[in-house]
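Chemist: Structure in structure tokens, see below.
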Amino acid sequence: MDYRHLGNSGLKISEITYGNWLTHGSQVENDVATQCVRAALDAGITTFDTADVYANTQAETVLGDALKGERRESLEIFTKVYFPTGPKGPNDTGLSRKHIMESIDGSLTRLQTDHVDLYQAHRYDSFTPLEETMQAFADVVRAGKAHYIGVSEWTADQLRAGVELARDLGFQLVSSQPQYSMLWRVIEDEVVPTSRELGVSQIVWSPIAQGVLSGKYKPGEDLPEGSRATDEKGGADMIKRYMRDDVLERVQQLVPIAQELDLTMAQLAVAWVLQNDNVAAALIGASRPEQVHENVAASGVTIPDELMSRIDEALGDVVERDASKTAEQTPKERFS
């Protein structure tokens with residue numbers, strides 16, 4: 001396992017980071033989730049990412065149980081705040097001081113720790129003054145409940161404003177967590193250049209495009225039984241944008257490239273995002289321990305420039321590059 005600095009901080013994280021978004025507390029049983037976490041630890045993964053909203057807090061609980069007994073100083077535990085949990089009252093969402101200060105305590109209890117290494121704004125909150133949000137994060141850091149602050153799916157302008165306020169308040173905003181893959185490159189034109197300038201790293205989610213880049217979905221064929229595309233709990237909704245024959249046909253053209261590198265398609269997808277020097281880590285999930293071992297093999301892989309160009313040629317115009325897609329992630333109304 002290789003490790004990278006997170007932003008311009010001194011914190012190092014495993015470049016393959018284990019995330020439990022669509023699995024723990026929902027898709028897989030708790031004992032299997034624990035087996036996946038143990039597989040991640042055995043493979044050298046030290047960084048674990050979750051959020052209070054995943055499985056309506058259950059994902060944090062499962063992760064806390066799975067990590068019990070591990071040396072806390074040897075781990076980097078990340079979680080997030082924004083979306084509603086619990087009864088979904090008027091203050092159970094967003095980035096108000098009230099919601100942040102109450103949510104961090106709930107997360108720490110479920111994770112069975114006195115601090116997280118990174119506390120992330122799960123989305124930008126247009127309905128709370130940014131000054132209020134960043135002051136609350138500053139107080140979370142000063143209270144020792146989080147070492148660093150990050151964000152998820154913020155635009156370049158939102159990042160710039162957040163970093164400036166963080167510096168004024170004496171803490172570091174070090175990371176951005178966007179969707180990024182061979183098929184989804186909307187961060188490349190604006191978010192990544194701005195992040196490089198500001199000393200912010202990307203921790204990217206869905207590097208395998210919800211499994212599409214594994215190559216298991218074939219154009220014109222039935223969906224594999226038990227796959228994410230058949231999951232009515234949420235997985236199918238996330239993956240449906242890619243379930244078109246033109247996309248699946250292009251993805252199949254990556255097979256010989258993966259073979260040249262002696263990689264599986266999933267390993268190729270994870271290795272591809274890690275070629276971007278602004279990416280500190282690729283988030284992987286797993287419903288089986290074997291998937292962890294497969295994806296970890298992408299750590300340390302270098303894809304030659306010639307093959308990077310061939311990947312671009314193979315995927316052609318099915319790649320989404322529209323930078324405005326990041327702004328669309330900012331909620332237009334308060335969730336309740």
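In the structure tokens, chains take the letters A, B, ... in the order shown, each chain's residues start at 1, and ligands count up from 1 in the order shown.
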Do you know which residues are at most 6 Å from region 14-19 of chain A counting only C-alpha atoms, after dropping those on the same chain fewer than 5 positions away, and could you put them as a list in words?
Modeler: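 Neighbouring residues, sequence-local ones excluded: Asp2, Tyr3, Ile45, Thr46, Thr47, Phe48, Asp49, Thr50, Ala280, Ala281, Ala282, Leu283, Ile284 and Gly285 of chain A.
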Chemist: Applying 12 Å and only C-alpha atoms, which residues near Pro304 (chain A) remain after dropping the ones on its own chain fewer than 5 positions away? List them as a list in words.
Modeler: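 The residues satisfying every condition are Ile257, Ala258, Glu260, Leu261, Leu268, Ala271, Trp272, Gln275, Ser309, Arg310 and Ile311 of chain A.
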Chemist: Skipping near chain neighbours, those fewer than 6 positions away, what residues fall within 9 Å of Ala66 (chain A) using only C-alpha atoms, listed as a VMD selection string?
Modeler: chain A and resid 30 to 31 33 to 35 37 to 38
Chemist: List as a Markdown table every residue of region 170-268 of chain A that is in contact with region 121-134 of chain A, defined as an atom at most 10 Å from one of its atoms (using only C-alpha atoms), together with the nearest atom pair and the distance in Å rounded to one decimal, sorted by chain and then rising number.
Modeler:
```
| residue | atom | partner | partner_atom | distance |
| --- | --- | --- | --- | --- |
| A:Phe171 | CA | A:Met134 | CA | 9.4 |
| A:Leu173 | CA | A:Met134 | CA | 9.5 |
| A:Ser176 | CA | A:Ala121 | CA | 9.2 |
| A:Gln177 | CA | A:His122 | CA | 8.4 |
| A:Pro178 | CA | A:His122 | CA | 9.9 |
```
Chemist: Once DSSP has gone over the backbone, tell me which residues of region 151-281 of chain A are in alpha helix (DSSP H), as an MDAnalysis selection string.
Modeler: chainID A and resid 156:169 191:198 235:239 245:252 255:260 265:274
Chemist: Okay, now the selection with N, CA and C atoms, as a compact mmCIF listing (two decimals), in the first residue's frame?
Modeler:
```
# COMPACT_ATOMS: atom_id res chain seq x y z
N ALA A 156 -15.36 25.07 -7.42
CA ALA A 156 -14.09 25.77 -7.24
C ALA A 156 -14.27 27.05 -6.44
N ASP A 157 -15.32 27.83 -6.73
CA ASP A 157 -15.56 29.08 -6.00
C ASP A 157 -15.90 28.81 -4.55
N GLN A 158 -16.70 27.79 -4.28
CA GLN A 158 -17.04 27.44 -2.91
C GLN A 158 -15.80 27.00 -2.14
N LEU A 159 -14.95 26.22 -2.78
CA LEU A 159 -13.69 25.81 -2.16
C LEU A 159 -12.82 27.01 -1.81
N ARG A 160 -12.70 27.92 -2.74
CA ARG A 160 -11.84 29.09 -2.52
C ARG A 160 -12.33 29.90 -1.32
N ALA A 161 -13.64 30.12 -1.23
CA ALA A 161 -14.19 30.88 -0.11
C ALA A 161 -13.99 30.12 1.20
N GLY A 162 -14.18 28.80 1.18
CA GLY A 162 -14.03 28.01 2.39
C GLY A 162 -12.60 27.98 2.89
N VAL A 163 -11.66 27.81 1.99
CA VAL A 163 -10.24 27.78 2.38
C VAL A 163 -9.82 29.13 2.97
N GLU A 164 -10.28 30.22 2.37
CA GLU A 164 -9.92 31.55 2.88
C GLU A 164 -10.43 31.75 4.30
N LEU A 165 -11.69 31.38 4.55
CA LEU A 165 -12.24 31.53 5.90
C LEU A 165 -11.53 30.61 6.89
N ALA A 166 -11.23 29.38 6.46
CA ALA A 166 -10.54 28.44 7.35
C ALA A 166 -9.20 29.02 7.80
N ARG A 167 -8.47 29.57 6.85
CA ARG A 167 -7.17 30.15 7.20
C ARG A 167 -7.33 31.30 8.18
N ASP A 168 -8.35 32.14 7.98
CA ASP A 168 -8.59 33.26 8.89
C ASP A 168 -8.91 32.75 10.30
N LEU A 169 -9.57 31.59 10.36
CA LEU A 169 -10.00 31.04 11.65
C LEU A 169 -8.96 30.10 12.26
N VAL A 191 -12.32 22.37 -10.58
CA VAL A 191 -12.08 21.97 -9.19
C VAL A 191 -10.63 21.55 -8.96
N VAL A 192 -10.07 20.74 -9.85
CA VAL A 192 -8.71 20.26 -9.65
C VAL A 192 -7.68 21.39 -9.73
N PRO A 193 -7.70 22.26 -10.77
CA PRO A 193 -6.72 23.35 -10.80
C PRO A 193 -6.81 24.27 -9.58
N THR A 194 -8.04 24.58 -9.15
CA THR A 194 -8.22 25.43 -7.97
C THR A 194 -7.70 24.72 -6.72
N SER A 195 -7.97 23.45 -6.61
CA SER A 195 -7.51 22.68 -5.45
C SER A 195 -5.99 22.64 -5.38
N ARG A 196 -5.34 22.44 -6.52
CA ARG A 196 -3.87 22.44 -6.53
C ARG A 196 -3.34 23.78 -6.00
N GLU A 197 -3.96 24.86 -6.46
CA GLU A 197 -3.54 26.20 -6.03
C GLU A 197 -3.72 26.38 -4.53
N LEU A 198 -4.80 25.83 -3.98
CA LEU A 198 -5.16 26.05 -2.58
C LEU A 198 -4.52 25.05 -1.63
N GLY A 235 -28.71 1.49 -5.23
CA GLY A 235 -27.64 1.26 -6.18
C GLY A 235 -28.08 1.40 -7.62
N ALA A 236 -29.26 0.90 -7.94
CA ALA A 236 -29.75 0.95 -9.32
C ALA A 236 -29.95 2.38 -9.78
N ASP A 237 -30.41 3.24 -8.90
CA ASP A 237 -30.62 4.65 -9.27
C ASP A 237 -29.29 5.33 -9.61
N MET A 238 -28.25 5.02 -8.85
CA MET A 238 -26.96 5.66 -9.06
C MET A 238 -26.29 5.21 -10.36
N ILE A 239 -26.53 3.98 -10.75
CA ILE A 239 -25.80 3.42 -11.88
C ILE A 239 -26.52 3.59 -13.22
N ASP A 245 -26.12 1.12 -24.00
CA ASP A 245 -25.26 0.29 -24.83
C ASP A 245 -24.05 1.05 -25.35
N ASP A 246 -24.21 2.37 -25.66
CA ASP A 246 -23.05 3.10 -26.20
C ASP A 246 -21.94 3.21 -25.14
N VAL A 247 -22.33 3.39 -23.86
CA VAL A 247 -21.33 3.44 -22.78
C VAL A 247 -20.71 2.06 -22.56
N LEU A 248 -21.55 1.04 -22.47
CA LEU A 248 -21.06 -0.31 -22.18
C LEU A 248 -20.17 -0.83 -23.30
N GLU A 249 -20.48 -0.48 -24.54
CA GLU A 249 -19.63 -0.89 -25.66
C GLU A 249 -18.25 -0.24 -25.57
N ARG A 250 -18.22 1.04 -25.21
CA ARG A 250 -16.94 1.74 -25.06
C ARG A 250 -16.11 1.14 -23.92
N VAL A 251 -16.78 0.83 -22.82
CA VAL A 251 -16.07 0.25 -21.67
C VAL A 251 -15.42 -1.07 -22.05
N GLN A 252 -16.08 -1.87 -22.87
CA GLN A 252 -15.50 -3.15 -23.28
C GLN A 252 -14.21 -2.97 -24.08
N VAL A 255 -10.82 -3.53 -22.21
CA VAL A 255 -10.36 -4.86 -21.80
C VAL A 255 -8.93 -5.14 -22.24
N PRO A 256 -8.57 -4.93 -23.52
CA PRO A 256 -7.17 -5.23 -23.90
C PRO A 256 -6.15 -4.34 -23.21
N ILE A 257 -6.53 -3.12 -22.85
CA ILE A 257 -5.60 -2.23 -22.13
C ILE A 257 -5.32 -2.79 -20.75
N ALA A 258 -6.37 -3.23 -20.06
CA ALA A 258 -6.19 -3.84 -18.74
C ALA A 258 -5.31 -5.09 -18.85
N GLN A 259 -5.54 -5.87 -19.89
CA GLN A 259 -4.76 -7.10 -20.07
C GLN A 259 -3.28 -6.79 -20.30
N GLU A 260 -2.99 -5.72 -21.03
CA GLU A 260 -1.59 -5.35 -21.26
C GLU A 260 -0.87 -5.02 -19.96
N MET A 265 -10.20 -5.13 -14.86
CA MET A 265 -10.80 -3.86 -15.26
C MET A 265 -11.00 -2.94 -14.05
N ALA A 266 -11.42 -3.50 -12.93
CA ALA A 266 -11.62 -2.68 -11.73
C ALA A 266 -10.29 -2.08 -11.26
N GLN A 267 -9.23 -2.87 -11.29
CA GLN A 267 -7.91 -2.36 -10.91
C GLN A 267 -7.47 -1.25 -11.85
N LEU A 268 -7.73 -1.40 -13.13
CA LEU A 268 -7.38 -0.35 -14.09
C LEU A 268 -8.11 0.94 -13.76
N ALA A 269 -9.40 0.84 -13.41
CA ALA A 269 -10.19 2.03 -13.10
C ALA A 269 -9.66 2.75 -11.87
N VAL A 270 -9.30 2.00 -10.84
CA VAL A 270 -8.78 2.62 -9.61
C VAL A 270 -7.40 3.21 -9.88
N ALA A 271 -6.56 2.47 -10.60
CA ALA A 271 -5.22 2.99 -10.91
C ALA A 271 -5.30 4.26 -11.74
N TRP A 272 -6.32 4.34 -12.62
CA TRP A 272 -6.46 5.52 -13.49
C TRP A 272 -6.68 6.78 -12.67
N VAL A 273 -7.58 6.76 -11.69
CA VAL A 273 -7.82 7.97 -10.91
C VAL A 273 -6.59 8.36 -10.10
N LEU A 274 -5.80 7.36 -9.70
CA LEU A 274 -4.61 7.65 -8.89
C LEU A 274 -3.47 8.23 -9.72
```
Chemist: Please extract the residues of region 50-209 of chain A with a backbone DSSP assignment of strand (DSSP E or B) and present them as a list in words.
Modeler: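 The strand (DSSP E or B) subset of region 50-209 of chain A is Glu76, Ile77, Phe78, Thr79, Lys80, Val81, Val116, Asp117, Leu118, Tyr119, Gln120, Ala121, Ala146, His147, Tyr148, Ile149, Gly150, Val151, Leu173, Val174, Ser175, Ser176, Gln179, Trp184, Ser201, Gln202, Ile203, Val204 and Trp205 of chain A.
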Chemist: To one decimal place in Å, what is the distance between CA of Asn278 (chain A) and CA of His5 (chain A)?
Modeler: 10.1 Å
